[in-house]
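Novice: Attaching a single structure in structure tokens format; questions to follow.
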Amino acid sequence: MRQTLAAVLATAALAAVTIMLAACTDDPPPNVGALCTAAGSECDDELSCDTTFITGYCTLACVTPGETAECPEGAICDSVSSSTQVTCLKLCDTSADCRADLDCNGVSSSNQKACQPKP
């Protein structure tokens, strides 16, 4: 009986540790697409504030439009409007996934969409 109780307690302790470790690794993706100011303090550490967007846009510079590997989780590289500048944009399925001042539009060289300035 003692061995069985000890085994049950050990199994329960192992399960609790596993759950706590899993919770610690579920960090949210960086806040690409969030509102920001020139100071960029609203953006997560690896991001900067692109003020070419009217209300700012937390982002990261990238090189290859349509690629996600250069961007944080939940973002894709694309040009902004008619600009030649490429930057990481927040992925979306519909405009409801974007801020009110942005639309969910197609991304160059990709079948995905991203939150981009309204025309």
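Ligands are numbered from 1 in the order shown, chains are lettered A, B, ... in the order of the structure tokens, and residues start at 1 in each chain.
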Determine, counting only C-alpha atoms, which protein, DNA and RNA residues have an atom within 8 Å of an atom of A:Thr55; residues of the same chain fewer than 2 positions away are not included. Present the result as a ChimeraX atom specification.
Specialist: /A:35-37,51,53,57
Novice: My list of candidates is A:Pro29, A:Pro117, A:Asp101, A:Thr59. Which is closest to A:Leu89 when distances are computed with only C-alpha atoms?
Specialist: A:Thr59
Novice: To one decimal in Å, tell me the separation between atom CA of A:Cys104 and atom CA of A:Gly33.
Specialist: 11.7 Å
Novice: Just want the 8 Å neighbourhood of A:Cys77, counted on only C-alpha atoms, with same-chain residues fewer than 2 positions away dropped. Output as a list in words.
Specialist: Cys62, Val63, Thr64, Pro65, Gly66, Glu67, Thr68, Glu70, Cys71, Ala75, Ser79, Val86, Thr87, Cys88 and Leu89 of chain A
Novice: Quick check, in Å to one decimal: how far apart do atom CA of A:Leu60 and atom CA of A:Pro72 lie?
Specialist: 8.1 Å
